[in-house]
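Asks: There's a structure below that I have some questions on.
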Amino acid sequence: MTVKAVIFDLDGVLTDTAHYHFQAWQALAHQLGIGFTEQDNEQLKGVDRLGSLRWILAKAHRQLSPEQESQLMQQKNQHYLELIAHMSPADLFTGVQPLFAELRQNGIKIGLASASKNAAMVVERLGIASQFDYIADANNVVNSKPDPEVFLLAAKGLGVAPEHCIGVEDAVAGIKAINAAGMQAIGIGEPNVLNNAIKVYPTIQALKLTDVLEL
């Protein structure tokens, strides 16, 4: 395999916005009279906004109209935007900049495949927006992870065939999406959880260019 592009997930891989999502979802759940813990939040890794809301509602065996769902999603997103308003390059995980620099020096394209509709704003605040050759996020796709659509869109945007791409994810749904797209999957997290990845590293800092090229 010749590696021509590496496509990164955002949350949990390049930065940590999970705790902001948790705070916003928990506030909404409590408003609805539904308990929501950090363990519950783990189940929403890689899941889009509508899927997350419906997961929370299912805990209480509740269903809402599309209009009610839309209103609640807007409310949650507004709260989340307020929480991330103060993000800066200091929130970028250690190791991202050196890895990006090495990829660029070796002519390997850099893509983003995020389940977040706010991905473009977050990478802007992190100071890395200009380093991506293509950004695919939830605004551009119909199907969320584990469907491979967002990774396939990123590959198309990069002009690289999926078999020449590596995907980097921290969520089970994301690893499934990468594999379904016909790419090699690298996991960031726990090996026993991300057991469908070809290799797993504890943090992005532990992933080096040589590891990418070995694939």
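Here, A, B, ... name the chains of the structure tokens in the order displayed, residue numbers run from 1 inside each chain, and ligands are numbered from 1 in the same displayed order.
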List every residue of segment 115-196 of chain A that has an atom at most 7 Å from any atom of segment 5-14 of chain A, and for each one report the closest atom pair and its distance in Å to one decimal, counting only C-alpha atoms, with rows sorted by chain and then by increasing residue number, as CSV.
Replies:
residue,atom,partner,partner_atom,distance
A:Val160,CA,A:Ala5,CA,6.9
A:His164,CA,A:Ala5,CA,6.7
A:Cys165,CA,A:Ala5,CA,4.9
A:Ile166,CA,A:Val6,CA,4.8
A:Gly167,CA,A:Ile7,CA,4.8
A:Val168,CA,A:Phe8,CA,4.8
A:Glu169,CA,A:Asp9,CA,5.4
A:Asp170,CA,A:Gly12,CA,6.0
A:Ile188,CA,A:Val13,CA,6.6
Asks: Do you know which residues are at most 12 Å from Lys59 of chain A counting only C-alpha atoms, after dropping those on the same chain fewer than 6 positions away, and could you put them as an NGL selection string?
Replies: :A and (29 or 32-37 or 40 or 52-53)
Asks: Using only C-alpha atoms, which residues sit within 7 Å of Leu158 of chain A once same-chain residues fewer than 4 positions away are excluded, as a short mmCIF file (atom, residue, chain, number, x, y, z; two decimals) with C-alpha atoms, in the first residue's frame?
Replies:
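Contents of the output file around28.cif:
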data_model
loop_
_atom_site.label_atom_id
_atom_site.label_comp_id
_atom_site.auth_asym_id
_atom_site.auth_seq_id
_atom_site.Cartn_x
_atom_site.Cartn_y
_atom_site.Cartn_z
CA ASP A 133 -6.33 19.78 2.08
CA TYR A 134 -10.02 18.93 2.47
CA ALA A 154 -12.96 13.26 2.27
#
Asks: Need to verify the contact set: segment 18-23 of chain A, 12 Å, only C-alpha atoms, exclusion of same-chain residues closer than 4 positions in sequence. Can you return it as number ranges by chain?
Replies: A: 10-14, 27-30, 36-49, 52-53, 56, 73, 76-87, 116, 118, 170-171
Asks: Which of segment 4-196 of chain A end up as alpha helix (DSSP H) when DSSP is run on this backbone - answer as an NGL selection string?
Replies: :A and (18-31 or 38-42 or 49-59 or 66-84 or 96-105 or 119-126 or 149-158 or 172-180)
Asks: With segment 135-148 of chain A as the partner and 10 Å as the cut-off, tabulate the residues of segment 169-200 of chain A that qualify, each row holding the nearest pair of atoms and their distance in Å to one decimal, using only C-alpha atoms, sorted by chain and rising number, as JSON lines.
Replies:
{"residue": "A:Ala171", "atom": "CA", "partner": "A:Pro146", "partner_atom": "CA", "distance": 9.5}
{"residue": "A:Val172", "atom": "CA", "partner": "A:Pro146", "partner_atom": "CA", "distance": 8.1}
{"residue": "A:Ala173", "atom": "CA", "partner": "A:Pro146", "partner_atom": "CA", "distance": 4.4}
{"residue": "A:Gly174", "atom": "CA", "partner": "A:Pro146", "partner_atom": "CA", "distance": 5.7}
{"residue": "A:Ile175", "atom": "CA", "partner": "A:Pro146", "partner_atom": "CA", "distance": 7.6}
{"residue": "A:Lys176", "atom": "CA", "partner": "A:Pro146", "partner_atom": "CA", "distance": 5.4}
{"residue": "A:Ala177", "atom": "CA", "partner": "A:Pro148", "partner_atom": "CA", "distance": 4.2}
{"residue": "A:Ile178", "atom": "CA", "partner": "A:Pro148", "partner_atom": "CA", "distance": 6.2}
{"residue": "A:Asn179", "atom": "CA", "partner": "A:Pro148", "partner_atom": "CA", "distance": 7.9}
{"residue": "A:Ala180", "atom": "CA", "partner": "A:Pro148", "partner_atom": "CA", "distance": 5.6}
{"residue": "A:Ala181", "atom": "CA", "partner": "A:Pro148", "partner_atom": "CA", "distance": 5.0}
{"residue": "A:Gly182", "atom": "CA", "partner": "A:Pro148", "partner_atom": "CA", "distance": 8.8}
{"residue": "A:Met183", "atom": "CA", "partner": "A:Pro148", "partner_atom": "CA", "distance": 9.8}
Asks: By how many Å are atom CA of Ser130 of chain A and atom CA of Leu92 of chain A apart?
Replies: 14.4 Å
Asks: Given only C-alpha atoms as the basis, pick out the residue of A:Phe132, A:Trp55, A:Phe100, A:Phe151 nearest to Leu207 of chain A.
Replies: A:Phe100
Asks: Using Å and a single decimal, report how far atom CA of Asp16 of chain A sits from atom CA of Ala90 of chain A.
Replies: 11.2 Å
Asks: Which residues in chain A does DSSP call strand (DSSP E)? List them as a list in words.
Replies: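 The strand (DSSP E) residues within chain A come out as Ala5, Val6, Ile7, Phe8, Lys109, Ile110, Gly111, Leu112, Ala113, Tyr134, Ile135, Ala136, Cys165, Ile166, Gly167, Val168, Glu169, Gln184, Ala185, Ile186, Gly187, Ile188, Lys199, Val200 and Tyr201 of chain A.
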Asks: Contacts of Thr94 of chain A at 10 Å or less, counting only C-alpha atoms, minus same-chain residues fewer than 5 places along, as a PyMOL selection string?
Replies: chain A and resi 14-15+99+203-206
Asks: Write a file of the selected residues as a PDB file, in the first residue's frame, keeping all heavy atoms.
Replies:
ATOM      1  N   LEU A  14      -7.733  15.027  17.568  1.00  0.00           N
ATOM      2  CA  LEU A  14      -6.912  16.238  17.446  1.00  0.00           C
ATOM      3  C   LEU A  14      -7.113  17.192  18.626  1.00  0.00           C
ATOM      4  O   LEU A  14      -6.233  17.993  18.942  1.00  0.00           O
ATOM      5  CB  LEU A  14      -7.238  16.957  16.139  1.00  0.00           C
ATOM      6  CG  LEU A  14      -7.082  16.127  14.855  1.00  0.00           C
ATOM      7  CD1 LEU A  14      -7.450  16.958  13.640  1.00  0.00           C
ATOM      8  CD2 LEU A  14      -5.670  15.575  14.725  1.00  0.00           C
ATOM      9  N   THR A  15      -8.267  17.108  19.252  1.00  0.00           N
ATOM     10  CA  THR A  15      -8.581  17.949  20.405  1.00  0.00           C
ATOM     11  C   THR A  15      -9.671  17.253  21.211  1.00  0.00           C
ATOM     12  O   THR A  15     -10.200  16.230  20.775  1.00  0.00           O
ATOM     13  CB  THR A  15      -9.062  19.355  19.958  1.00  0.00           C
ATOM     14  OG1 THR A  15      -9.143  20.209  21.100  1.00  0.00           O
ATOM     15  CG2 THR A  15     -10.419  19.288  19.276  1.00  0.00           C
ATOM     16  N   LEU A  99       3.280  15.971  13.642  1.00  0.00           N
ATOM     17  CA  LEU A  99       2.811  14.929  12.722  1.00  0.00           C
ATOM     18  C   LEU A  99       2.349  15.544  11.410  1.00  0.00           C
ATOM     19  O   LEU A  99       2.708  15.053  10.327  1.00  0.00           O
ATOM     20  CB  LEU A  99       1.674  14.131  13.371  1.00  0.00           C
ATOM     21  CG  LEU A  99       1.049  13.035  12.492  1.00  0.00           C
ATOM     22  CD1 LEU A  99       2.094  11.996  12.076  1.00  0.00           C
ATOM     23  CD2 LEU A  99      -0.107  12.355  13.243  1.00  0.00           C
ATOM     24  N   THR A 203      -2.361   7.900  22.338  1.00  0.00           N
ATOM     25  CA  THR A 203      -2.618   9.314  22.025  1.00  0.00           C
ATOM     26  C   THR A 203      -2.106   9.608  20.618  1.00  0.00           C
ATOM     27  O   THR A 203      -1.324   8.836  20.048  1.00  0.00           O
ATOM     28  CB  THR A 203      -1.888  10.258  23.003  1.00  0.00           C
ATOM     29  OG1 THR A 203      -0.460  10.076  22.822  1.00  0.00           O
ATOM     30  CG2 THR A 203      -2.265   9.969  24.454  1.00  0.00           C
ATOM     31  N   ILE A 204      -2.509  10.740  20.071  1.00  0.00           N
ATOM     32  CA  ILE A 204      -2.018  11.151  18.760  1.00  0.00           C
ATOM     33  C   ILE A 204      -0.517  11.426  18.820  1.00  0.00           C
ATOM     34  O   ILE A 204       0.192  11.263  17.827  1.00  0.00           O
ATOM     35  CB  ILE A 204      -2.791  12.391  18.250  1.00  0.00           C
ATOM     36  CG1 ILE A 204      -2.544  12.623  16.760  1.00  0.00           C
ATOM     37  CG2 ILE A 204      -2.463  13.626  19.065  1.00  0.00           C
ATOM     38  CD1 ILE A 204      -3.218  11.654  15.848  1.00  0.00           C
ATOM     39  N   GLN A 205      -0.020  11.798  19.977  1.00  0.00           N
ATOM     40  CA  GLN A 205       1.407  12.087  20.138  1.00  0.00           C
ATOM     41  C   GLN A 205       2.246  10.833  19.900  1.00  0.00           C
ATOM     42  O   GLN A 205       3.400  10.925  19.463  1.00  0.00           O
ATOM     43  CB  GLN A 205       1.681  12.643  21.537  1.00  0.00           C
ATOM     44  CG  GLN A 205       3.118  13.124  21.738  1.00  0.00           C
ATOM     45  CD  GLN A 205       3.334  13.736  23.114  1.00  0.00           C
ATOM     46  OE1 GLN A 205       2.507  13.584  24.009  1.00  0.00           O
ATOM     47  NE2 GLN A 205       4.438  14.433  23.291  1.00  0.00           N
ATOM     48  N   ALA A 206       1.668   9.662  20.172  1.00  0.00           N
ATOM     49  CA  ALA A 206       2.403   8.405  20.007  1.00  0.00           C
ATOM     50  C   ALA A 206       2.458   7.949  18.548  1.00  0.00           C
ATOM     51  O   ALA A 206       3.254   7.072  18.199  1.00  0.00           O
ATOM     52  CB  ALA A 206       1.750   7.314  20.863  1.00  0.00           C
TER      53      ALA A 206
END
Asks: Which value, in Å to one decimal, gives the distance between atom CA of Gln75 of chain A and atom CA of Trp25 of chain A?
Replies: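 Taking atom CA of Gln75 of chain A as the start and atom CA of Trp25 of chain A as the end point, the length is 9.8 Å.
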